[in-house]
Amino acid sequence: MRVFFLPWYDFITKHGAFQSLAYNFYDYTPSYLYFISILTLFRFIPPIMGIKLISIVFDFLAAFFVYKIIKLKYPQGSTPFIGSLVFLFAPTVIFNSSVWGQSDIIYTTGILAVIYFCLIEKDLFAMIAFGLAISFKLQAAFIAPFLLLLFFKGRVRWWLFFLVPVIFIVSLIPAWAAGRPFGELLLIFPRQADTYHNLTMSAPNLYQWLDNYYYLVFVRMGLLLTTGLVVLGIYTFLESKIRINRDVIIILATISTLAIPFFLPKMHQRYFFPADVISILYAFYFPKYFYVPIITGLTSFLTYVAYLFEISVISNDLLPFALLAMIIVVIHHLWEDYGNNKPVRLNR
């Protein structure tokens with residue numbers, strides 16, 4: 001808030017809501033800055049409150065998609081409403097938006113929309129949602145392996161993937177029209193990736209166990225490892241002949257958002273936020289695994305507490321074991337219940 005958002009707010013206030021977009025004073029995509037630019041037009045709203053309200057609005061939009069997704073499993077009764085409340089009052093949801101003022105809920109809402117539209121077999125809307133999510137943060141790509149699997153299974157048409165760069169480019173047009181060079185706008189993501197030179201920014205993942213002294217070596221190895229695991233995972237899934245249904249879609253989305261930030265280097269502690277949210281859906285679809293969102297969310301929450309309040313409850317070296325265990329649990333669930341020679345489980 002002090003280093004980034006408030007200075008951005010002040011800069012926009014000084015130079016104008018539209019004119020300020022011509023300057024290179026922010027390291028987010030312009031999509032988020034459009035919201036702050038609009039916010040500056042309402043001077044009666046205190047800046048900190050306004051910045052947090054942007055995320056809080058998306059908290060409720062995300063709750064709507066949580067409700068709709070759970071309702072597909074439980075068409076009758078209050079379970080979908082309970083699920084949306086569980087989501088809204090999850091510790092990392094409250095802390096990410098209302099306490100910290102971060103914007104991870106925006107692209108996560110896009111991911112939830114992707115899952116919902118895939119569940120109801122509306123792949124056009126799913127890819128539009130994915131494109132919108134990417135236009136806010138590249139971390140939305142954590143759901144990309146899930147979409148690739150659906151593509152290979154014939155559930156997503158190949159040409160729809162071209163919507164993603166188109167939507168991203170369209171999102172840059174207002175900033176370009178304001179005067180910022182288009183080439184500079186296209187390089188926002190590479191510049192973001194080069195901002196910090198740490199294997200992990202307190203993320204409870206694989207890189208807590210590695211020495212940052214070998215940063216360049218492990219970054220390259222990490223990218224190759226993650227790519228290799230995605231390819232191996234897709235190949236294994238296709239060979240398994242697992243049939244796609246709504247339950248399998250939820251499992252795949254959970255694996256994707258848990259495993260990608262675990263094996264990728266240069267992750268922040270907040271980048272498990274989509275996994276925190278989607279694991280709640282997973283638990284409602286499979287109540288036997290109620291502990292998955294509890295352990296996943298608690299692990300993330302402990303990293304939040306350590307950063308925001310400098311209170312270390314558990315060593316950072318131990319936290320990755322919890323998430324690795326959850327990844328194994330969910331993969332084992334997929335294979336045991338839906339793998340080769342297993343009866344197809346019908347959706348509720």
# chains A, B, ... in the order shown; residues from 1 in each chain; ligands from 1
>>> residues_around(residues="region 76-93 of chain A", least_positions_apart="2", cutoff="6 Å", atoms="only C-alpha atoms", output="number ranges by chain")
A: 63, 66-67, 70-71, 74, 95-96, 301
>>> residues_around(residues="Leu258 (chain A)", least_positions_apart="2", cutoff="9 Å", atoms="only C-alpha atoms", output="list in words")
Phe142, Ala253, Thr254, Ile255, Ser256, Ile260, Pro261, Phe262, Phe272, Pro274, Ala275, Asp276, Ser279, Thr296, Leu323, Leu324, Met326 and Ile327 of chain A
>>> write_last_selection(atoms="C-alpha atoms", output="PDB file, in the first residue's frame")
ATOM      1  CA  PHE A 142      -1.761 -21.403 -13.187  1.00  0.00           C
ATOM      2  CA  ALA A 253      -8.433 -27.397 -11.446  1.00  0.00           C
ATOM      3  CA  THR A 254      -7.324 -28.090  -7.869  1.00  0.00           C
ATOM      4  CA  ILE A 255      -4.200 -29.949  -8.988  1.00  0.00           C
ATOM      5  CA  SER A 256      -3.305 -27.249 -11.512  1.00  0.00           C
ATOM      6  CA  ILE A 260       2.117 -25.005 -10.688  1.00  0.00           C
ATOM      7  CA  PRO A 261       3.074 -22.429  -8.006  1.00  0.00           C
ATOM      8  CA  PHE A 262       4.653 -25.227  -5.957  1.00  0.00           C
ATOM      9  CA  PHE A 272      -1.309 -19.931  -3.703  1.00  0.00           C
ATOM     10  CA  PRO A 274      -6.251 -19.504  -6.272  1.00  0.00           C
ATOM     11  CA  ALA A 275      -5.473 -22.875  -4.704  1.00  0.00           C
ATOM     12  CA  ASP A 276      -6.861 -21.645  -1.365  1.00  0.00           C
ATOM     13  CA  SER A 279      -9.642 -26.258  -2.726  1.00  0.00           C
ATOM     14  CA  THR A 296      -3.900 -25.404   2.103  1.00  0.00           C
ATOM     15  CA  LEU A 323       1.269 -28.363   0.308  1.00  0.00           C
ATOM     16  CA  LEU A 324       3.247 -31.205  -1.251  1.00  0.00           C
ATOM     17  CA  MET A 326      -2.064 -32.012  -0.482  1.00  0.00           C
ATOM     18  CA  ILE A 327      -0.868 -32.263  -4.087  1.00  0.00           C
TER      19      ILE A 327
END
>>> residues_around(residues="Val292 (chain A)", least_positions_apart="2", cutoff="10 Å", atoms="only C-alpha atoms", output="list in words")
Asp276, Ser279, Ile280, Tyr282, Ala283, Pro287, Lys288, Tyr289, Phe290, Ile294, Ile295, Thr296, Gly297, Leu298, Ala322, Leu323, Ala325, Met326, Ile327, Val329 and Val330 of chain A
>>> atom_distance(atom1="CA of Thr236 (chain A)", atom2="CA of Ala141 (chain A)")
20.8 Å
>>> residues_around(residues="Val57 (chain A)", least_positions_apart="2", cutoff="12 Å", atoms="only C-alpha atoms", output="PyMOL selection string")
chain A and resi 35+49-55+59-64+88+97-98+101+103+105-106+109
>>> write_last_selection(atoms="C-alpha atoms", output="mmCIF file, in the first residue's frame")
data_model
loop_
_atom_site.group_PDB
_atom_site.id
_atom_site.type_symbol
_atom_site.label_atom_id
_atom_site.label_comp_id
_atom_site.auth_asym_id
_atom_site.auth_seq_id
_atom_site.Cartn_x
_atom_site.Cartn_y
_atom_site.Cartn_z
ATOM 1 C CA PHE A 35 -9.775 0.818 -11.578
ATOM 2 C CA MET A 49 -10.616 2.307 1.625
ATOM 3 C CA GLY A 50 -11.166 2.721 -2.106
ATOM 4 C CA ILE A 51 -8.250 0.490 -3.089
ATOM 5 C CA LYS A 52 -9.502 -2.236 -0.775
ATOM 6 C CA LEU A 53 -13.088 -1.802 -1.997
ATOM 7 C CA ILE A 54 -11.940 -2.667 -5.531
ATOM 8 C CA SER A 55 -10.863 -6.104 -4.293
ATOM 9 C CA ASP A 59 -14.747 -10.969 -3.354
ATOM 10 C CA PHE A 60 -18.509 -10.928 -3.791
ATOM 11 C CA LEU A 61 -18.360 -11.559 -7.528
ATOM 12 C CA ALA A 62 -16.133 -14.568 -6.801
ATOM 13 C CA ALA A 63 -18.614 -15.706 -4.142
ATOM 14 C CA PHE A 64 -21.280 -15.683 -6.846
ATOM 15 C CA LEU A 88 -16.056 -15.143 1.881
ATOM 16 C CA SER A 97 -8.448 -8.119 0.097
ATOM 17 C CA SER A 98 -9.796 -6.452 3.230
ATOM 18 C CA GLY A 101 -5.536 -4.600 -0.017
ATOM 19 C CA SER A 103 -5.753 -7.690 -5.911
ATOM 20 C CA ILE A 105 -9.062 -11.930 -6.022
ATOM 21 C CA ILE A 106 -9.491 -10.220 -9.408
ATOM 22 C CA THR A 109 -12.468 -14.505 -10.002
#
>>> atom_distance(atom1="CA of Lys266 (chain A)", atom2="CA of Ile167 (chain A)")
25.8 Å
>>> select_by_dssp(residues="region 136-294 of chain A", states="strand (DSSP E or B)", output="PyMOL selection string")
chain A and resi 200-202+267-268
>>> residues_around(residues="region 188-193 of chain A", least_positions_apart="4", cutoff="12 Å", atoms="only C-alpha atoms", output="tab-separated table (two decimals) with N, CA and C atoms, in the first residue's frame")
chain	number	residue	atom	x	y	z
A	24	ASN	N	5.18	5.66	-17.29
A	24	ASN	CA	5.66	4.36	-16.80
A	24	ASN	C	5.94	4.46	-15.30
A	25	PHE	N	4.87	4.53	-14.51
A	25	PHE	CA	5.03	4.66	-13.06
A	25	PHE	C	4.49	3.46	-12.29
A	26	TYR	N	4.03	2.45	-13.00
A	26	TYR	CA	3.44	1.28	-12.35
A	26	TYR	C	3.97	0.01	-13.00
A	27	ASP	N	4.00	-1.09	-12.24
A	27	ASP	CA	4.51	-2.34	-12.79
A	27	ASP	C	3.42	-3.41	-12.89
A	28	TYR	N	2.15	-3.01	-12.72
A	28	TYR	CA	1.03	-3.91	-12.99
A	28	TYR	C	0.58	-3.71	-14.44
A	29	THR	N	-0.31	-4.57	-14.89
A	29	THR	CA	-0.93	-4.32	-16.20
A	29	THR	C	-1.85	-3.10	-16.07
A	30	PRO	N	-2.12	-2.41	-17.17
A	30	PRO	CA	-2.99	-1.23	-17.11
A	30	PRO	C	-4.40	-1.56	-16.59
A	31	SER	N	-4.84	-2.80	-16.78
A	31	SER	CA	-6.22	-3.15	-16.39
A	31	SER	C	-6.51	-2.78	-14.94
A	134	ILE	N	-5.94	-13.10	-17.39
A	134	ILE	CA	-4.55	-12.87	-17.78
A	134	ILE	C	-4.26	-11.38	-17.95
A	135	SER	N	-5.26	-10.62	-18.39
A	135	SER	CA	-5.05	-9.19	-18.60
A	135	SER	C	-4.83	-8.44	-17.28
A	136	PHE	N	-5.13	-9.09	-16.16
A	136	PHE	CA	-4.85	-8.48	-14.85
A	136	PHE	C	-3.55	-9.01	-14.26
A	137	LYS	N	-3.37	-10.33	-14.31
A	137	LYS	CA	-2.14	-10.89	-13.77
A	137	LYS	C	-1.79	-12.18	-14.50
A	138	LEU	N	-0.50	-12.33	-14.77
A	138	LEU	CA	-0.03	-13.53	-15.46
A	138	LEU	C	-0.23	-14.78	-14.63
A	139	GLN	N	-0.38	-14.62	-13.30
A	139	GLN	CA	-0.58	-15.77	-12.42
A	139	GLN	C	-1.87	-16.53	-12.75
A	168	PHE	N	-5.91	-9.58	-24.13
A	168	PHE	CA	-4.82	-8.87	-23.45
A	168	PHE	C	-4.43	-7.61	-24.22
A	169	ILE	N	-4.28	-7.73	-25.53
A	169	ILE	CA	-3.91	-6.57	-26.35
A	169	ILE	C	-4.99	-5.49	-26.29
A	172	LEU	N	-4.81	-3.23	-23.37
A	172	LEU	CA	-3.73	-2.24	-23.38
A	172	LEU	C	-4.10	-0.96	-24.12
A	180	ARG	N	1.23	5.94	-23.76
A	180	ARG	CA	2.33	5.06	-23.40
A	180	ARG	C	2.70	4.18	-24.60
A	181	PRO	N	3.99	4.03	-24.90
A	181	PRO	CA	4.40	3.24	-26.06
A	181	PRO	C	3.85	1.82	-26.00
A	182	PHE	N	3.35	1.33	-27.14
A	182	PHE	CA	2.72	0.01	-27.17
A	182	PHE	C	3.73	-1.10	-26.89
A	183	GLY	N	4.95	-0.95	-27.42
A	183	GLY	CA	5.99	-1.95	-27.16
A	183	GLY	C	6.31	-2.07	-25.69
A	184	GLU	N	6.30	-0.94	-25.00
A	184	GLU	CA	6.55	-0.92	-23.56
A	184	GLU	C	5.45	-1.66	-22.81
A	197	HIS	N	14.92	-11.04	-7.68
A	197	HIS	CA	15.83	-12.13	-8.02
A	197	HIS	C	15.96	-13.07	-6.81
A	198	ASN	N	14.82	-13.66	-6.48
A	198	ASN	CA	14.78	-14.63	-5.39
A	198	ASN	C	14.08	-15.88	-5.90
A	199	LEU	N	14.57	-17.03	-5.47
A	199	LEU	CA	13.93	-18.29	-5.87
A	199	LEU	C	12.51	-18.36	-5.36
A	219	VAL	N	16.51	-21.32	-11.21
A	219	VAL	CA	15.39	-20.73	-11.96
A	219	VAL	C	15.20	-21.47	-13.28
A	265	PRO	N	9.63	-21.42	-9.81
A	265	PRO	CA	10.42	-20.50	-8.98
A	265	PRO	C	9.85	-19.10	-9.02
A	266	LYS	N	10.37	-18.22	-8.16
A	266	LYS	CA	10.04	-16.79	-8.13
A	266	LYS	C	8.60	-16.52	-7.71
A	267	MET	N	8.01	-17.43	-6.94
A	267	MET	CA	6.63	-17.26	-6.50
A	267	MET	C	6.56	-16.44	-5.20
A	268	HIS	N	5.54	-15.61	-5.07
A	268	HIS	CA	5.23	-14.91	-3.82
A	268	HIS	C	4.30	-15.78	-2.98
>>> closest_atom_pairs(of="region 184-294 of chain A", to="region 150-153 of chain A", cutoff="9 Å", atoms="only C-alpha atoms", output="Markdown table")
| residue | atom | partner | partner_atom | distance |
| --- | --- | --- | --- | --- |
| A:Ile234 | CA | A:Phe152 | CA | 8.6 |
| A:Leu238 | CA | A:Lys153 | CA | 7.8 |
| A:Arg243 | CA | A:Lys153 | CA | 8.6 |
| A:Ile244 | CA | A:Lys153 | CA | 7.7 |
| A:Ile249 | CA | A:Leu150 | CA | 8.6 |
>>> residues_around(residues="region 127-129 of chain A", least_positions_apart="5", cutoff="12 Å", atoms="only C-alpha atoms", output="PyMOL selection string")
chain A and resi 106-118+121-122+134-136+140-141+143-144+147-148+150-151+155-168
>>> write_last_selection(atoms="N, CA and C atoms", output="short mmCIF file (atom, residue, chain, number, x, y, z; two decimals), in the first residue's frame")
data_model
loop_
_atom_site.label_atom_id
_atom_site.label_comp_id
_atom_site.auth_asym_id
_atom_site.auth_seq_id
_atom_site.Cartn_x
_atom_site.Cartn_y
_atom_site.Cartn_z
N ILE A 106 -8.99 -10.61 -8.09
CA ILE A 106 -9.49 -10.22 -9.41
C ILE A 106 -9.22 -11.32 -10.43
N TYR A 107 -7.96 -11.73 -10.55
CA TYR A 107 -7.68 -12.79 -11.52
C TYR A 107 -8.21 -14.13 -11.05
N THR A 108 -8.32 -14.31 -9.73
CA THR A 108 -8.90 -15.56 -9.21
C THR A 108 -10.38 -15.65 -9.55
N THR A 109 -11.07 -14.51 -9.55
CA THR A 109 -12.47 -14.50 -10.00
C THR A 109 -12.55 -14.97 -11.44
N GLY A 110 -11.60 -14.53 -12.26
CA GLY A 110 -11.54 -14.99 -13.64
C GLY A 110 -11.34 -16.50 -13.73
N ILE A 111 -10.48 -17.03 -12.87
CA ILE A 111 -10.25 -18.49 -12.85
C ILE A 111 -11.52 -19.23 -12.45
N LEU A 112 -12.24 -18.71 -11.46
CA LEU A 112 -13.51 -19.33 -11.06
C LEU A 112 -14.51 -19.30 -12.21
N ALA A 113 -14.53 -18.20 -12.95
CA ALA A 113 -15.43 -18.11 -14.11
C ALA A 113 -15.03 -19.14 -15.16
N VAL A 114 -13.72 -19.33 -15.36
CA VAL A 114 -13.24 -20.35 -16.30
C VAL A 114 -13.77 -21.72 -15.90
N ILE A 115 -13.64 -22.06 -14.62
CA ILE A 115 -14.08 -23.37 -14.14
C ILE A 115 -15.59 -23.53 -14.32
N TYR A 116 -16.35 -22.49 -13.96
CA TYR A 116 -17.80 -22.58 -14.07
C TYR A 116 -18.23 -22.81 -15.51
N PHE A 117 -17.67 -22.03 -16.44
CA PHE A 117 -18.09 -22.16 -17.83
C PHE A 117 -17.61 -23.48 -18.43
N CYS A 118 -16.49 -24.02 -17.95
CA CYS A 118 -16.07 -25.35 -18.39
C CYS A 118 -17.04 -26.41 -17.87
N GLU A 121 -19.94 -26.46 -19.99
CA GLU A 121 -19.55 -26.68 -21.39
C GLU A 121 -19.77 -25.45 -22.27
N LYS A 122 -19.39 -24.31 -21.76
CA LYS A 122 -19.41 -23.06 -22.52
C LYS A 122 -17.96 -22.61 -22.71
N ILE A 134 -5.94 -13.10 -17.39
CA ILE A 134 -4.55 -12.87 -17.78
C ILE A 134 -4.26 -11.38 -17.95
N SER A 135 -5.26 -10.62 -18.39
CA SER A 135 -5.05 -9.19 -18.60
C SER A 135 -4.83 -8.44 -17.28
N PHE A 136 -5.13 -9.09 -16.16
CA PHE A 136 -4.85 -8.48 -14.85
C PHE A 136 -3.55 -9.01 -14.26
N ALA A 140 -2.76 -15.92 -13.50
CA ALA A 140 -3.95 -16.65 -13.96
C ALA A 140 -3.57 -17.86 -14.79
N ALA A 141 -2.34 -17.86 -15.32
CA ALA A 141 -1.87 -18.98 -16.13
C ALA A 141 -1.70 -20.26 -15.32
N ILE A 143 -3.93 -21.89 -14.21
CA ILE A 143 -5.02 -22.76 -14.64
C ILE A 143 -4.80 -23.27 -16.07
N ALA A 144 -3.74 -22.82 -16.73
CA ALA A 144 -3.50 -23.19 -18.13
C ALA A 144 -3.36 -24.70 -18.36
N LEU A 147 -6.70 -26.19 -18.73
CA LEU A 147 -7.34 -25.89 -20.01
C LEU A 147 -6.73 -26.71 -21.14
N LEU A 148 -5.42 -26.95 -21.08
CA LEU A 148 -4.78 -27.78 -22.09
C LEU A 148 -5.33 -29.21 -22.06
N LEU A 150 -8.31 -30.11 -21.10
CA LEU A 150 -9.65 -30.06 -21.68
C LEU A 150 -9.58 -29.94 -23.21
N PHE A 151 -8.58 -29.21 -23.70
CA PHE A 151 -8.40 -29.11 -25.15
C PHE A 151 -8.10 -30.48 -25.75
N ARG A 155 -12.78 -30.74 -25.19
CA ARG A 155 -13.76 -29.91 -24.50
C ARG A 155 -13.54 -28.42 -24.74
N VAL A 156 -12.39 -28.04 -25.28
CA VAL A 156 -12.10 -26.64 -25.62
C VAL A 156 -11.58 -26.61 -27.05
N ARG A 157 -12.19 -25.79 -27.89
CA ARG A 157 -11.78 -25.69 -29.29
C ARG A 157 -10.46 -24.92 -29.41
N TRP A 158 -9.58 -25.39 -30.29
CA TRP A 158 -8.22 -24.86 -30.38
C TRP A 158 -8.17 -23.37 -30.68
N TRP A 159 -9.06 -22.90 -31.56
CA TRP A 159 -8.98 -21.51 -31.98
C TRP A 159 -9.35 -20.54 -30.87
N LEU A 160 -10.02 -21.03 -29.84
CA LEU A 160 -10.40 -20.14 -28.74
C LEU A 160 -9.19 -19.66 -27.93
N PHE A 161 -8.08 -20.40 -28.00
CA PHE A 161 -6.88 -19.97 -27.28
C PHE A 161 -6.34 -18.65 -27.83
N PHE A 162 -6.65 -18.33 -29.08
CA PHE A 162 -6.20 -17.07 -29.66
C PHE A 162 -6.93 -15.87 -29.05
N LEU A 163 -8.05 -16.14 -28.38
CA LEU A 163 -8.77 -15.05 -27.72
C LEU A 163 -7.94 -14.44 -26.58
N VAL A 164 -7.09 -15.25 -25.97
CA VAL A 164 -6.34 -14.78 -24.79
C VAL A 164 -5.42 -13.63 -25.16
N PRO A 165 -4.51 -13.78 -26.15
CA PRO A 165 -3.68 -12.61 -26.50
C PRO A 165 -4.48 -11.45 -27.07
N VAL A 166 -5.57 -11.75 -27.77
CA VAL A 166 -6.41 -10.67 -28.32
C VAL A 166 -7.00 -9.83 -27.19
N ILE A 167 -7.55 -10.49 -26.18
CA ILE A 167 -8.15 -9.77 -25.05
C ILE A 167 -7.09 -8.98 -24.30
N PHE A 168 -5.91 -9.58 -24.13
CA PHE A 168 -4.82 -8.87 -23.45
C PHE A 168 -4.43 -7.61 -24.22
#
>>> closest_residue(among="A:Leu149, A:Leu252, A:Ala306, A:Ile45", to="Glu239 (chain A)", atoms="only C-alpha atoms")
A:Leu149
>>> residues_around(residues="Ile38 (chain A)", least_positions_apart="5", cutoff="10 Å", atoms="only C-alpha atoms", output="PDB file with N, CA and C atoms, in the first residue's frame")
ATOM      1  N   ILE A  12      -1.722   9.471 -10.171  1.00  0.00           N
ATOM      2  CA  ILE A  12      -2.901   9.617 -11.032  1.00  0.00           C
ATOM      3  C   ILE A  12      -3.678  10.881 -10.669  1.00  0.00           C
ATOM      4  N   ALA A  17      -6.786  11.276 -14.460  1.00  0.00           N
ATOM      5  CA  ALA A  17      -7.194   9.867 -14.500  1.00  0.00           C
ATOM      6  C   ALA A  17      -6.823   9.194 -15.812  1.00  0.00           C
ATOM      7  N   PHE A  18      -6.922   9.928 -16.927  1.00  0.00           N
ATOM      8  CA  PHE A  18      -6.583   9.338 -18.220  1.00  0.00           C
ATOM      9  C   PHE A  18      -5.148   9.665 -18.631  1.00  0.00           C
ATOM     10  N   LEU A  33      -4.825  -0.563 -13.168  1.00  0.00           N
ATOM     11  CA  LEU A  33      -4.702   0.901 -13.021  1.00  0.00           C
ATOM     12  C   LEU A  33      -5.956   1.621 -13.482  1.00  0.00           C
TER      13      LEU A  33
END
>>> select_by_dssp(residues="region 125-275 of chain A", states="helix (DSSP H, G or I)", output="PyMOL selection string")
chain A and resi 125-134+138-152+158-178+182-186+188-193+206-209+212-240+246-263+269-275
